[in-house]
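Enquirer: So here's my_file_14.cif (mmCIF, N, CA and C atoms).
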data_structure
loop_
_atom_site.label_atom_id
_atom_site.label_comp_id
_atom_site.auth_asym_id
_atom_site.auth_seq_id
_atom_site.Cartn_x
_atom_site.Cartn_y
_atom_site.Cartn_z
N MET D 96 42.06 -3.62 -9.37
CA MET D 96 40.72 -3.04 -9.26
C MET D 96 39.76 -3.92 -8.45
N PRO D 97 39.92 -5.25 -8.45
CA PRO D 97 39.00 -6.06 -7.64
C PRO D 97 39.05 -5.71 -6.15
N TYR D 98 40.20 -5.26 -5.68
CA TYR D 98 40.30 -4.89 -4.27
C TYR D 98 39.43 -3.67 -3.94
N ILE D 99 39.35 -2.77 -4.89
CA ILE D 99 38.50 -1.59 -4.69
C ILE D 99 37.05 -2.02 -4.55
N TRP D 100 36.62 -2.96 -5.39
CA TRP D 100 35.23 -3.43 -5.32
C TRP D 100 34.98 -4.19 -4.02
N LEU D 101 35.99 -4.91 -3.54
CA LEU D 101 35.84 -5.58 -2.25
C LEU D 101 35.66 -4.56 -1.12
N VAL D 102 36.42 -3.46 -1.19
CA VAL D 102 36.29 -2.39 -0.20
C VAL D 102 34.90 -1.77 -0.27
N VAL D 103 34.40 -1.52 -1.47
CA VAL D 103 33.06 -0.96 -1.66
C VAL D 103 32.02 -1.89 -1.03
N ILE D 104 32.15 -3.18 -1.30
CA ILE D 104 31.19 -4.16 -0.77
C ILE D 104 31.24 -4.20 0.75
N VAL D 105 32.44 -4.29 1.31
CA VAL D 105 32.58 -4.38 2.77
C VAL D 105 32.09 -3.09 3.44
N LEU D 106 32.47 -1.94 2.91
CA LEU D 106 32.00 -0.67 3.47
C LEU D 106 30.48 -0.55 3.42
N SER D 107 29.91 -0.97 2.30
CA SER D 107 28.45 -0.91 2.17
C SER D 107 27.78 -1.81 3.20
N ILE D 108 28.33 -2.98 3.43
CA ILE D 108 27.76 -3.89 4.42
C ILE D 108 27.89 -3.31 5.83
N VAL D 109 29.05 -2.72 6.13
CA VAL D 109 29.25 -2.12 7.45
C VAL D 109 28.29 -0.95 7.67
N ILE D 110 28.15 -0.10 6.67
CA ILE D 110 27.23 1.03 6.78
C ILE D 110 25.80 0.53 6.96
N GLU D 111 25.43 -0.48 6.20
CA GLU D 111 24.08 -1.04 6.30
C GLU D 111 23.83 -1.62 7.69
N ALA D 112 24.83 -2.29 8.24
CA ALA D 112 24.68 -2.90 9.56
C ALA D 112 24.59 -1.84 10.66
N ALA D 113 25.18 -0.68 10.42
CA ALA D 113 25.21 0.37 11.43
C ALA D 113 23.97 1.25 11.41
N THR D 114 23.13 1.11 10.40
CA THR D 114 21.95 1.96 10.30
C THR D 114 20.68 1.14 10.49
N ALA D 115 19.61 1.83 10.86
CA ALA D 115 18.34 1.15 11.08
C ALA D 115 17.52 1.02 9.80
N GLN D 116 17.88 1.78 8.79
CA GLN D 116 17.13 1.75 7.54
C GLN D 116 18.04 1.30 6.41
N LEU D 117 17.41 0.88 5.33
CA LEU D 117 18.19 0.47 4.17
C LEU D 117 18.77 1.69 3.47
N VAL D 118 20.09 1.82 3.51
CA VAL D 118 20.73 2.98 2.89
C VAL D 118 21.83 2.60 1.91
N SER D 119 22.41 1.42 2.04
CA SER D 119 23.55 1.11 1.18
C SER D 119 23.55 -0.32 0.65
N ILE D 120 22.50 -1.05 0.87
CA ILE D 120 22.48 -2.45 0.46
C ILE D 120 22.58 -2.59 -1.06
N TRP D 121 22.10 -1.62 -1.79
CA TRP D 121 22.13 -1.67 -3.25
C TRP D 121 23.56 -1.60 -3.79
N PHE D 122 24.43 -0.92 -3.06
CA PHE D 122 25.83 -0.83 -3.48
C PHE D 122 26.54 -2.18 -3.36
N VAL D 123 26.05 -3.02 -2.47
CA VAL D 123 26.63 -4.36 -2.36
C VAL D 123 26.40 -5.13 -3.66
N ALA D 124 25.17 -5.07 -4.17
CA ALA D 124 24.86 -5.77 -5.42
C ALA D 124 25.68 -5.21 -6.58
N GLY D 125 25.78 -3.89 -6.67
CA GLY D 125 26.57 -3.27 -7.73
C GLY D 125 28.05 -3.59 -7.60
N GLY D 126 28.55 -3.56 -6.37
CA GLY D 126 29.96 -3.89 -6.14
C GLY D 126 30.27 -5.34 -6.48
N LEU D 127 29.34 -6.23 -6.19
CA LEU D 127 29.52 -7.63 -6.53
C LEU D 127 29.58 -7.84 -8.04
N ALA D 128 28.70 -7.15 -8.77
CA ALA D 128 28.73 -7.26 -10.24
C ALA D 128 30.05 -6.72 -10.79
N ALA D 129 30.50 -5.59 -10.26
CA ALA D 129 31.76 -5.00 -10.73
C ALA D 129 32.94 -5.89 -10.34
N LEU D 130 32.89 -6.50 -9.17
CA LEU D 130 33.95 -7.40 -8.73
C LEU D 130 34.07 -8.60 -9.68
N ILE D 131 32.94 -9.18 -10.03
CA ILE D 131 32.95 -10.32 -10.96
C ILE D 131 33.52 -9.89 -12.32
N ALA D 132 33.10 -8.70 -12.78
CA ALA D 132 33.62 -8.20 -14.06
C ALA D 132 35.13 -7.96 -13.97
N GLY D 133 35.57 -7.42 -12.84
CA GLY D 133 37.00 -7.17 -12.65
C GLY D 133 37.81 -8.45 -12.60
N MET D 134 37.26 -9.49 -12.01
CA MET D 134 37.95 -10.77 -11.95
C MET D 134 38.01 -11.45 -13.32
N CYS D 135 37.12 -11.02 -14.21
CA CYS D 135 37.14 -11.54 -15.60
C CYS D 135 37.94 -10.61 -16.50
N ASP D 136 38.73 -9.73 -15.92
CA ASP D 136 39.59 -8.79 -16.65
C ASP D 136 38.82 -7.84 -17.57
N ALA D 137 37.63 -7.41 -17.14
CA ALA D 137 36.86 -6.43 -17.91
C ALA D 137 37.53 -5.06 -17.76
N ALA D 138 37.31 -4.20 -18.72
CA ALA D 138 37.86 -2.85 -18.67
C ALA D 138 37.27 -2.09 -17.48
N ILE D 139 38.02 -1.11 -16.98
CA ILE D 139 37.58 -0.35 -15.82
C ILE D 139 36.27 0.37 -16.11
N TRP D 140 36.13 0.94 -17.31
CA TRP D 140 34.90 1.65 -17.63
C TRP D 140 33.71 0.70 -17.59
N LEU D 141 33.90 -0.56 -17.99
CA LEU D 141 32.82 -1.53 -17.96
C LEU D 141 32.48 -1.92 -16.51
N GLN D 142 33.49 -2.03 -15.67
CA GLN D 142 33.25 -2.33 -14.26
C GLN D 142 32.42 -1.22 -13.59
N ILE D 143 32.82 0.01 -13.87
CA ILE D 143 32.09 1.16 -13.30
C ILE D 143 30.66 1.20 -13.84
N LEU D 144 30.52 0.97 -15.14
CA LEU D 144 29.19 0.96 -15.74
C LEU D 144 28.31 -0.14 -15.12
N LEU D 145 28.87 -1.34 -14.95
CA LEU D 145 28.12 -2.42 -14.33
C LEU D 145 27.75 -2.07 -12.89
N PHE D 146 28.68 -1.47 -12.17
CA PHE D 146 28.40 -1.06 -10.79
C PHE D 146 27.20 -0.11 -10.75
N LEU D 147 27.24 0.90 -11.61
CA LEU D 147 26.15 1.89 -11.63
C LEU D 147 24.83 1.28 -12.08
N LEU D 148 24.87 0.46 -13.13
CA LEU D 148 23.65 -0.15 -13.65
C LEU D 148 23.02 -1.10 -12.63
N VAL D 149 23.80 -2.00 -12.08
CA VAL D 149 23.25 -2.99 -11.14
C VAL D 149 22.77 -2.30 -9.87
N THR D 150 23.50 -1.30 -9.39
CA THR D 150 23.06 -0.55 -8.21
C THR D 150 21.72 0.14 -8.50
N GLY D 151 21.62 0.79 -9.64
CA GLY D 151 20.39 1.49 -10.02
C GLY D 151 19.22 0.53 -10.18
N ILE D 152 19.45 -0.60 -10.85
CA ILE D 152 18.39 -1.58 -11.05
C ILE D 152 17.95 -2.17 -9.71
N ALA D 153 18.90 -2.48 -8.84
CA ALA D 153 18.56 -3.02 -7.52
C ALA D 153 17.74 -2.02 -6.71
N LEU D 154 18.11 -0.76 -6.80
CA LEU D 154 17.37 0.29 -6.10
C LEU D 154 15.95 0.40 -6.64
N LEU D 155 15.83 0.48 -7.95
CA LEU D 155 14.50 0.62 -8.56
C LEU D 155 13.63 -0.61 -8.32
N ALA D 156 14.23 -1.79 -8.34
CA ALA D 156 13.46 -3.02 -8.18
C ALA D 156 12.98 -3.22 -6.73
N THR D 157 13.76 -2.77 -5.78
CA THR D 157 13.40 -3.03 -4.38
C THR D 157 12.74 -1.85 -3.68
N ARG D 158 12.79 -0.68 -4.26
CA ARG D 158 12.24 0.51 -3.61
C ARG D 158 10.76 0.36 -3.25
N PRO D 159 9.89 -0.08 -4.16
CA PRO D 159 8.48 -0.23 -3.76
C PRO D 159 8.29 -1.22 -2.61
N LEU D 160 9.04 -2.31 -2.62
CA LEU D 160 8.94 -3.30 -1.56
C LEU D 160 9.42 -2.72 -0.24
N VAL D 161 10.54 -2.04 -0.28
CA VAL D 161 11.10 -1.43 0.94
C VAL D 161 10.15 -0.36 1.46
N LYS D 162 9.59 0.43 0.58
CA LYS D 162 8.67 1.49 0.99
C LYS D 162 7.45 0.91 1.70
N ARG D 163 6.95 -0.21 1.16
CA ARG D 163 5.79 -0.87 1.77
C ARG D 163 6.15 -1.44 3.14
N MET D 164 7.32 -2.04 3.25
CA MET D 164 7.74 -2.66 4.50
C MET D 164 8.07 -1.62 5.57
N MET D 165 8.58 -0.47 5.17
CA MET D 165 9.01 0.54 6.12
C MET D 165 7.91 1.55 6.44
N HIS D 166 6.72 1.37 5.88
CA HIS D 166 5.62 2.30 6.12
C HIS D 166 5.06 2.07 7.52
N PHE D 167 5.20 3.07 8.36
CA PHE D 167 4.70 2.96 9.72
C PHE D 167 3.43 3.78 9.85
N LYS D 168 2.44 3.18 10.47
CA LYS D 168 1.19 3.89 10.69
C LYS D 168 1.30 4.72 11.94
N ARG D 169 0.68 5.87 11.90
CA ARG D 169 0.68 6.76 13.06
C ARG D 169 -0.32 6.21 14.07
N THR D 170 0.12 6.06 15.29
CA THR D 170 -0.76 5.59 16.35
C THR D 170 -1.34 6.80 17.06
N GLU D 171 -2.65 6.87 17.04
CA GLU D 171 -3.30 7.99 17.72
C GLU D 171 -3.28 7.77 19.22
N THR D 172 -3.25 8.87 19.95
CA THR D 172 -3.24 8.82 21.41
C THR D 172 -4.52 9.47 21.92
N ASN D 173 -4.74 9.35 23.21
CA ASN D 173 -5.91 10.01 23.80
C ASN D 173 -5.84 11.51 23.65
N ALA D 174 -4.63 12.04 23.61
CA ALA D 174 -4.47 13.49 23.50
C ALA D 174 -4.99 14.01 22.15
N ASP D 175 -4.98 13.16 21.12
CA ASP D 175 -5.44 13.60 19.81
C ASP D 175 -6.90 14.03 19.80
N ARG D 176 -7.68 13.57 20.76
CA ARG D 176 -9.10 13.93 20.78
C ARG D 176 -9.31 15.40 21.11
N TYR D 177 -8.29 16.07 21.65
CA TYR D 177 -8.40 17.48 21.98
C TYR D 177 -8.22 18.39 20.77
N ILE D 178 -7.56 17.91 19.75
CA ILE D 178 -7.28 18.75 18.57
C ILE D 178 -8.58 19.09 17.87
N GLY D 179 -8.78 20.37 17.63
CA GLY D 179 -9.98 20.86 16.97
C GLY D 179 -11.11 21.18 17.92
N LYS D 180 -10.93 20.88 19.19
CA LYS D 180 -11.98 21.14 20.19
C LYS D 180 -11.89 22.57 20.71
N GLU D 181 -13.05 23.03 21.22
CA GLU D 181 -13.12 24.36 21.80
C GLU D 181 -12.72 24.31 23.26
N GLY D 182 -12.14 25.39 23.73
CA GLY D 182 -11.78 25.51 25.12
C GLY D 182 -11.93 26.94 25.58
N VAL D 183 -11.74 27.16 26.88
CA VAL D 183 -11.83 28.49 27.46
C VAL D 183 -10.51 28.78 28.17
N VAL D 184 -9.99 29.97 27.95
CA VAL D 184 -8.75 30.38 28.60
C VAL D 184 -9.03 30.65 30.07
N THR D 185 -8.31 29.96 30.95
CA THR D 185 -8.49 30.15 32.40
C THR D 185 -7.38 31.03 32.98
N VAL D 186 -6.20 31.03 32.38
CA VAL D 186 -5.10 31.92 32.74
C VAL D 186 -4.63 32.56 31.45
N SER D 187 -4.56 33.89 31.43
CA SER D 187 -4.20 34.62 30.21
C SER D 187 -2.97 34.00 29.53
N ILE D 188 -3.05 33.89 28.21
CA ILE D 188 -1.96 33.29 27.44
C ILE D 188 -1.03 34.39 26.94
N ASP D 189 0.23 34.27 27.30
CA ASP D 189 1.26 35.20 26.84
C ASP D 189 2.52 34.37 26.56
N ASN D 190 2.82 34.17 25.29
CA ASN D 190 3.96 33.33 24.92
C ASN D 190 5.29 33.90 25.41
N ILE D 191 5.41 35.20 25.44
CA ILE D 191 6.67 35.82 25.85
C ILE D 191 6.93 35.58 27.33
N GLN D 192 5.89 35.72 28.15
CA GLN D 192 6.05 35.49 29.59
C GLN D 192 5.95 34.00 29.94
N GLY D 193 5.50 33.19 29.00
CA GLY D 193 5.39 31.76 29.24
C GLY D 193 4.23 31.39 30.14
N THR D 194 3.13 32.15 30.02
CA THR D 194 1.95 31.87 30.84
C THR D 194 0.78 31.48 29.97
N GLY D 195 -0.15 30.78 30.56
CA GLY D 195 -1.39 30.46 29.88
C GLY D 195 -1.90 29.08 30.21
N GLN D 196 -3.22 29.01 30.43
CA GLN D 196 -3.88 27.74 30.65
C GLN D 196 -5.25 27.80 30.00
N VAL D 197 -5.69 26.62 29.55
CA VAL D 197 -7.04 26.52 29.01
C VAL D 197 -7.72 25.29 29.60
N MET D 198 -9.05 25.35 29.59
CA MET D 198 -9.86 24.20 29.98
C MET D 198 -10.49 23.67 28.70
N VAL D 199 -10.15 22.39 28.39
CA VAL D 199 -10.67 21.75 27.19
C VAL D 199 -11.21 20.39 27.59
N LEU D 200 -12.45 20.12 27.25
CA LEU D 200 -13.10 18.83 27.57
C LEU D 200 -12.92 18.46 29.05
N GLY D 201 -12.98 19.45 29.91
CA GLY D 201 -12.89 19.20 31.34
C GLY D 201 -11.48 19.03 31.87
N SER D 202 -10.48 19.22 31.03
CA SER D 202 -9.08 19.08 31.47
C SER D 202 -8.35 20.40 31.35
N HIS D 203 -7.50 20.68 32.33
CA HIS D 203 -6.66 21.88 32.28
C HIS D 203 -5.38 21.56 31.53
N TRP D 204 -5.02 22.46 30.63
CA TRP D 204 -3.79 22.31 29.83
C TRP D 204 -2.99 23.60 29.91
N THR D 205 -1.67 23.47 29.94
CA THR D 205 -0.82 24.62 29.71
C THR D 205 -0.99 24.98 28.25
N ALA D 206 -1.08 26.28 27.97
CA ALA D 206 -1.41 26.69 26.60
C ALA D 206 -0.50 27.80 26.11
N ARG D 207 -0.32 27.81 24.81
CA ARG D 207 0.40 28.88 24.13
C ARG D 207 -0.40 29.25 22.89
N SER D 208 -0.24 30.47 22.46
CA SER D 208 -0.91 30.96 21.26
C SER D 208 -0.14 30.49 20.02
N VAL D 209 -0.85 30.03 19.01
CA VAL D 209 -0.22 29.56 17.78
C VAL D 209 0.55 30.69 17.10
N ASP D 210 -0.06 31.86 17.02
CA ASP D 210 0.57 32.96 16.29
C ASP D 210 1.33 33.93 17.20
N GLY D 211 1.38 33.65 18.51
CA GLY D 211 2.15 34.48 19.43
C GLY D 211 1.39 35.64 20.03
N THR D 212 0.14 35.85 19.62
CA THR D 212 -0.62 36.97 20.18
C THR D 212 -1.17 36.60 21.56
N PRO D 213 -1.15 37.55 22.48
CA PRO D 213 -1.71 37.29 23.81
C PRO D 213 -3.22 37.04 23.72
N ILE D 214 -3.73 36.16 24.57
CA ILE D 214 -5.17 35.85 24.60
C ILE D 214 -5.62 36.01 26.05
N PRO D 215 -6.64 36.85 26.29
CA PRO D 215 -7.07 37.11 27.67
C PRO D 215 -7.86 35.94 28.26
N ALA D 216 -7.89 35.90 29.60
CA ALA D 216 -8.68 34.89 30.31
C ALA D 216 -10.15 35.07 29.93
N GLY D 217 -10.84 33.96 29.81
CA GLY D 217 -12.26 33.98 29.45
C GLY D 217 -12.53 33.87 27.96
N ALA D 218 -11.49 34.01 27.14
CA ALA D 218 -11.68 33.94 25.68
C ALA D 218 -11.91 32.49 25.25
N ASP D 219 -12.72 32.34 24.22
CA ASP D 219 -12.95 31.02 23.62
C ASP D 219 -11.85 30.75 22.60
N VAL D 220 -11.29 29.55 22.65
CA VAL D 220 -10.18 29.18 21.75
C VAL D 220 -10.45 27.82 21.12
N ILE D 221 -9.68 27.54 20.07
CA ILE D 221 -9.69 26.24 19.40
C ILE D 221 -8.30 25.64 19.53
N VAL D 222 -8.22 24.36 19.88
CA VAL D 222 -6.93 23.67 19.99
C VAL D 222 -6.46 23.31 18.58
N ASN D 223 -5.29 23.83 18.17
CA ASN D 223 -4.74 23.56 16.85
C ASN D 223 -3.84 22.33 16.84
N ARG D 224 -3.01 22.23 17.88
CA ARG D 224 -2.11 21.07 17.97
C ARG D 224 -1.59 20.95 19.39
N ILE D 225 -0.92 19.83 19.63
CA ILE D 225 -0.33 19.57 20.94
C ILE D 225 1.16 19.37 20.74
N GLU D 226 1.95 20.05 21.56
CA GLU D 226 3.40 19.88 21.55
C GLU D 226 3.83 19.56 22.97
N GLY D 227 4.19 18.31 23.18
CA GLY D 227 4.57 17.88 24.53
C GLY D 227 3.36 17.92 25.43
N VAL D 228 3.43 18.75 26.49
CA VAL D 228 2.31 18.86 27.43
C VAL D 228 1.57 20.18 27.28
N LYS D 229 1.81 20.87 26.16
CA LYS D 229 1.15 22.15 25.91
C LYS D 229 0.23 22.04 24.70
N VAL D 230 -0.91 22.75 24.79
CA VAL D 230 -1.77 22.87 23.61
C VAL D 230 -1.48 24.22 22.98
N LEU D 231 -1.47 24.24 21.66
CA LEU D 231 -1.32 25.49 20.94
C LEU D 231 -2.70 25.85 20.40
N VAL D 232 -3.14 27.04 20.76
CA VAL D 232 -4.52 27.43 20.48
C VAL D 232 -4.57 28.72 19.67
N SER D 233 -5.74 28.94 19.09
CA SER D 233 -6.03 30.20 18.41
C SER D 233 -7.41 30.66 18.83
N LEU D 234 -7.64 31.95 18.75
CA LEU D 234 -8.94 32.50 19.11
C LEU D 234 -10.03 31.90 18.24
N LYS D 235 -11.16 31.58 18.87
CA LYS D 235 -12.29 31.07 18.12
C LYS D 235 -12.90 32.24 17.37
N GLN D 236 -13.14 32.02 16.09
CA GLN D 236 -13.74 33.08 15.27
C GLN D 236 -15.24 33.15 15.55
N PRO D 237 -15.77 34.36 15.70
CA PRO D 237 -17.20 34.49 15.97
C PRO D 237 -18.03 33.93 14.81
N SER D 238 -19.14 33.29 15.15
CA SER D 238 -19.99 32.68 14.10
C SER D 238 -20.88 33.70 13.45
#
What would you get if you wrote out this structure as structure tokens?
Expert:
Amino acid sequence: MPYIWLVVIVLSIVIEAATAQLVSIWFVAGGLAALIAGMCDAAIWLQILLFLLVTGIALLATRPLVKRMMHFKRTETNADRYIGKEGVVTVSIDNIQGTGQVMVLGSHWTARSVDGTPIPAGADVIVNRIEGVKVLVSLKQPS
């Protein structure tokens, strides 16, 4: 049985080394505990129990720390300033034909309708989001 725990440990280390995030490091700790128990001639059920307990405890103990370390802040871009702004359709928007342009804050953008409805040239719109180099817009509701 100790060989099985060695395989678990080595596989966990290889998987961990091959990934960018922590996904299997906890199994190394559990496998090590089970390996030690196996080398002391503990029963198989006790080895498995130790593996599960130590793996679970290691996961619970390190999860908050890992979550804090892996928390990435979203970096805003200049394009984000367009979201929520009003614009005017300069070329009719038709998602099916793949046409449409709007003028927002003095810049021309390729545009698509958020809900797929055509929007005629001259209509006032609101920028909902940006996908790549296109703004997705919806008709401005009358005040």
Enquirer: So what do you get for CA of Gly133 in chain D versus CA of Ile108 in chain D, distance-wise?
Expert: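 For CA of Gly133 in chain D relative to CA of Ile108 in chain D, the distance reads 19.7 Å.
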Enquirer: Which is closest to Ser107 in chain D among D:Gln142, D:Val197, D:Val232, D:Thr150, if we use only C-alpha atoms?
Expert: D:Thr150
Enquirer: Residues within 8 Å of Ile225 in chain D, please, as a VMD selection string. Count all atoms listed in the file; anything in the same chain fewer than 2 positions from it doesn't count.
Expert: chain D and resid 174 to 175 177 to 178 222 to 223 227 to 232
Enquirer: Which residue is closest to Ala128 in chain D? Choose from D:Leu147, D:Val183, D:Met198, D:Leu160 and count only C-alpha atoms.
Expert: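 Once distances to Ala128 in chain D are computed over only C-alpha atoms, the minimum belongs to D:Leu147.
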Enquirer: Please give the complete set of residues from range 110-158 of chain D that DSSP, run on the backbone, assigns to helix (DSSP H, G or I), formatted as an NGL selection string.
Expert: :D and (110-113 or 120-134 or 139-158)
Enquirer: Save the residues we just selected, N, CA and C atoms, as a short mmCIF file (atom, residue, chain, number, x, y, z; two decimals), in the coordinates of the input?
Expert:
data_model
loop_
_atom_site.label_atom_id
_atom_site.label_comp_id
_atom_site.auth_asym_id
_atom_site.auth_seq_id
_atom_site.Cartn_x
_atom_site.Cartn_y
_atom_site.Cartn_z
N ILE D 110 28.15 -0.10 6.67
CA ILE D 110 27.23 1.03 6.78
C ILE D 110 25.80 0.53 6.96
N GLU D 111 25.43 -0.48 6.20
CA GLU D 111 24.08 -1.04 6.30
C GLU D 111 23.83 -1.62 7.69
N ALA D 112 24.83 -2.29 8.24
CA ALA D 112 24.68 -2.90 9.56
C ALA D 112 24.59 -1.84 10.66
N ALA D 113 25.18 -0.68 10.42
CA ALA D 113 25.21 0.37 11.43
C ALA D 113 23.97 1.25 11.41
N ILE D 120 22.50 -1.05 0.87
CA ILE D 120 22.48 -2.45 0.46
C ILE D 120 22.58 -2.59 -1.06
N TRP D 121 22.10 -1.62 -1.79
CA TRP D 121 22.13 -1.67 -3.25
C TRP D 121 23.56 -1.60 -3.79
N PHE D 122 24.43 -0.92 -3.06
CA PHE D 122 25.83 -0.83 -3.48
C PHE D 122 26.54 -2.18 -3.36
N VAL D 123 26.05 -3.02 -2.47
CA VAL D 123 26.63 -4.36 -2.36
C VAL D 123 26.40 -5.13 -3.66
N ALA D 124 25.17 -5.07 -4.17
CA ALA D 124 24.86 -5.77 -5.42
C ALA D 124 25.68 -5.21 -6.58
N GLY D 125 25.78 -3.89 -6.67
CA GLY D 125 26.57 -3.27 -7.73
C GLY D 125 28.05 -3.59 -7.60
N GLY D 126 28.55 -3.56 -6.37
CA GLY D 126 29.96 -3.89 -6.14
C GLY D 126 30.27 -5.34 -6.48
N LEU D 127 29.34 -6.23 -6.19
CA LEU D 127 29.52 -7.63 -6.53
C LEU D 127 29.58 -7.84 -8.04
N ALA D 128 28.70 -7.15 -8.77
CA ALA D 128 28.73 -7.26 -10.24
C ALA D 128 30.05 -6.72 -10.79
N ALA D 129 30.50 -5.59 -10.26
CA ALA D 129 31.76 -5.00 -10.73
C ALA D 129 32.94 -5.89 -10.34
N LEU D 130 32.89 -6.50 -9.17
CA LEU D 130 33.95 -7.40 -8.73
C LEU D 130 34.07 -8.60 -9.68
N ILE D 131 32.94 -9.18 -10.03
CA ILE D 131 32.95 -10.32 -10.96
C ILE D 131 33.52 -9.89 -12.32
N ALA D 132 33.10 -8.70 -12.78
CA ALA D 132 33.62 -8.20 -14.06
C ALA D 132 35.13 -7.96 -13.97
N GLY D 133 35.57 -7.42 -12.84
CA GLY D 133 37.00 -7.17 -12.65
C GLY D 133 37.81 -8.45 -12.60
N MET D 134 37.26 -9.49 -12.01
CA MET D 134 37.95 -10.77 -11.95
C MET D 134 38.01 -11.45 -13.32
N ILE D 139 38.02 -1.11 -16.98
CA ILE D 139 37.58 -0.35 -15.82
C ILE D 139 36.27 0.37 -16.11
N TRP D 140 36.13 0.94 -17.31
CA TRP D 140 34.90 1.65 -17.63
C TRP D 140 33.71 0.70 -17.59
N LEU D 141 33.90 -0.56 -17.99
CA LEU D 141 32.82 -1.53 -17.96
C LEU D 141 32.48 -1.92 -16.51
N GLN D 142 33.49 -2.03 -15.67
CA GLN D 142 33.25 -2.33 -14.26
C GLN D 142 32.42 -1.22 -13.59
N ILE D 143 32.82 0.01 -13.87
CA ILE D 143 32.09 1.16 -13.30
C ILE D 143 30.66 1.20 -13.84
N LEU D 144 30.52 0.97 -15.14
CA LEU D 144 29.19 0.96 -15.74
C LEU D 144 28.31 -0.14 -15.12
N LEU D 145 28.87 -1.34 -14.95
CA LEU D 145 28.12 -2.42 -14.33
C LEU D 145 27.75 -2.07 -12.89
N PHE D 146 28.68 -1.47 -12.17
CA PHE D 146 28.40 -1.06 -10.79
C PHE D 146 27.20 -0.11 -10.75
N LEU D 147 27.24 0.90 -11.61
CA LEU D 147 26.15 1.89 -11.63
C LEU D 147 24.83 1.28 -12.08
N LEU D 148 24.87 0.46 -13.13
CA LEU D 148 23.65 -0.15 -13.65
C LEU D 148 23.02 -1.10 -12.63
N VAL D 149 23.80 -2.00 -12.08
CA VAL D 149 23.25 -2.99 -11.14
C VAL D 149 22.77 -2.30 -9.87
N THR D 150 23.50 -1.30 -9.39
CA THR D 150 23.06 -0.55 -8.21
C THR D 150 21.72 0.14 -8.50
N GLY D 151 21.62 0.79 -9.64
CA GLY D 151 20.39 1.49 -10.02
C GLY D 151 19.22 0.53 -10.18
N ILE D 152 19.45 -0.60 -10.85
CA ILE D 152 18.39 -1.58 -11.05
C ILE D 152 17.95 -2.17 -9.71
N ALA D 153 18.90 -2.48 -8.84
CA ALA D 153 18.56 -3.02 -7.52
C ALA D 153 17.74 -2.02 -6.71
N LEU D 154 18.11 -0.76 -6.80
CA LEU D 154 17.37 0.29 -6.10
C LEU D 154 15.95 0.40 -6.64
N LEU D 155 15.83 0.48 -7.95
CA LEU D 155 14.50 0.62 -8.56
C LEU D 155 13.63 -0.61 -8.32
N ALA D 156 14.23 -1.79 -8.34
CA ALA D 156 13.46 -3.02 -8.18
C ALA D 156 12.98 -3.22 -6.73
N THR D 157 13.76 -2.77 -5.78
CA THR D 157 13.40 -3.03 -4.38
C THR D 157 12.74 -1.85 -3.68
N ARG D 158 12.79 -0.68 -4.26
CA ARG D 158 12.24 0.51 -3.61
C ARG D 158 10.76 0.36 -3.25
#
Enquirer: I would like the residues chosen by the PyMOL selection byres (((chain D and resi 214 and name CA) around 8) and name CA) on the shown file; could you give them as a PDB file with N, CA and C atoms, in the frame of the given file?
Expert:
ATOM      1  N   VAL D 184      -9.990  29.970  27.950  1.00  0.00           N
ATOM      2  CA  VAL D 184      -8.750  30.380  28.600  1.00  0.00           C
ATOM      3  C   VAL D 184      -9.030  30.650  30.070  1.00  0.00           C
ATOM      4  N   SER D 187      -4.560  33.890  31.430  1.00  0.00           N
ATOM      5  CA  SER D 187      -4.200  34.620  30.210  1.00  0.00           C
ATOM      6  C   SER D 187      -2.970  34.000  29.530  1.00  0.00           C
ATOM      7  N   ILE D 188      -3.050  33.890  28.210  1.00  0.00           N
ATOM      8  CA  ILE D 188      -1.960  33.290  27.440  1.00  0.00           C
ATOM      9  C   ILE D 188      -1.030  34.390  26.940  1.00  0.00           C
ATOM     10  N   ASP D 189       0.230  34.270  27.300  1.00  0.00           N
ATOM     11  CA  ASP D 189       1.260  35.200  26.840  1.00  0.00           C
ATOM     12  C   ASP D 189       2.520  34.370  26.560  1.00  0.00           C
ATOM     13  N   SER D 208      -0.240  30.470  22.460  1.00  0.00           N
ATOM     14  CA  SER D 208      -0.910  30.960  21.260  1.00  0.00           C
ATOM     15  C   SER D 208      -0.140  30.490  20.020  1.00  0.00           C
ATOM     16  N   THR D 212       0.140  35.850  19.620  1.00  0.00           N
ATOM     17  CA  THR D 212      -0.620  36.970  20.180  1.00  0.00           C
ATOM     18  C   THR D 212      -1.170  36.600  21.560  1.00  0.00           C
ATOM     19  N   PRO D 213      -1.150  37.550  22.480  1.00  0.00           N
ATOM     20  CA  PRO D 213      -1.710  37.290  23.810  1.00  0.00           C
ATOM     21  C   PRO D 213      -3.220  37.040  23.720  1.00  0.00           C
ATOM     22  N   PRO D 215      -6.640  36.850  26.290  1.00  0.00           N
ATOM     23  CA  PRO D 215      -7.070  37.110  27.670  1.00  0.00           C
ATOM     24  C   PRO D 215      -7.860  35.940  28.260  1.00  0.00           C
ATOM     25  N   ALA D 216      -7.890  35.900  29.600  1.00  0.00           N
ATOM     26  CA  ALA D 216      -8.680  34.890  30.310  1.00  0.00           C
ATOM     27  C   ALA D 216     -10.150  35.070  29.930  1.00  0.00           C
ATOM     28  N   ALA D 218     -11.490  34.010  27.140  1.00  0.00           N
ATOM     29  CA  ALA D 218     -11.680  33.940  25.680  1.00  0.00           C
ATOM     30  C   ALA D 218     -11.910  32.490  25.250  1.00  0.00           C
ATOM     31  N   LEU D 234      -7.640  31.950  18.750  1.00  0.00           N
ATOM     32  CA  LEU D 234      -8.940  32.500  19.110  1.00  0.00           C
ATOM     33  C   LEU D 234     -10.030  31.900  18.240  1.00  0.00           C
TER      34      LEU D 234
END
Enquirer: Under the rule that only C-alpha atoms are counted, which of D:Leu200, D:Ala124, D:Ala113, D:Ile99 is the nearest residue to Ile152 in chain D?
Expert: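 Looking at the shortest contact to Ile152 in chain D, the residue is D:Ala124.
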Enquirer: Output as AutoDock Vina command-line options the centre and edge lengths (Å, one decimal) of the box along x, y and z of the file that holds every listed atom of range 110-116 of chain D after adding 5 Å on each side.
Expert:
--center_x 22.6 --center_y -0.5 --center_z 8.8 --size_x 21.0 --size_y 14.9 --size_z 15.2
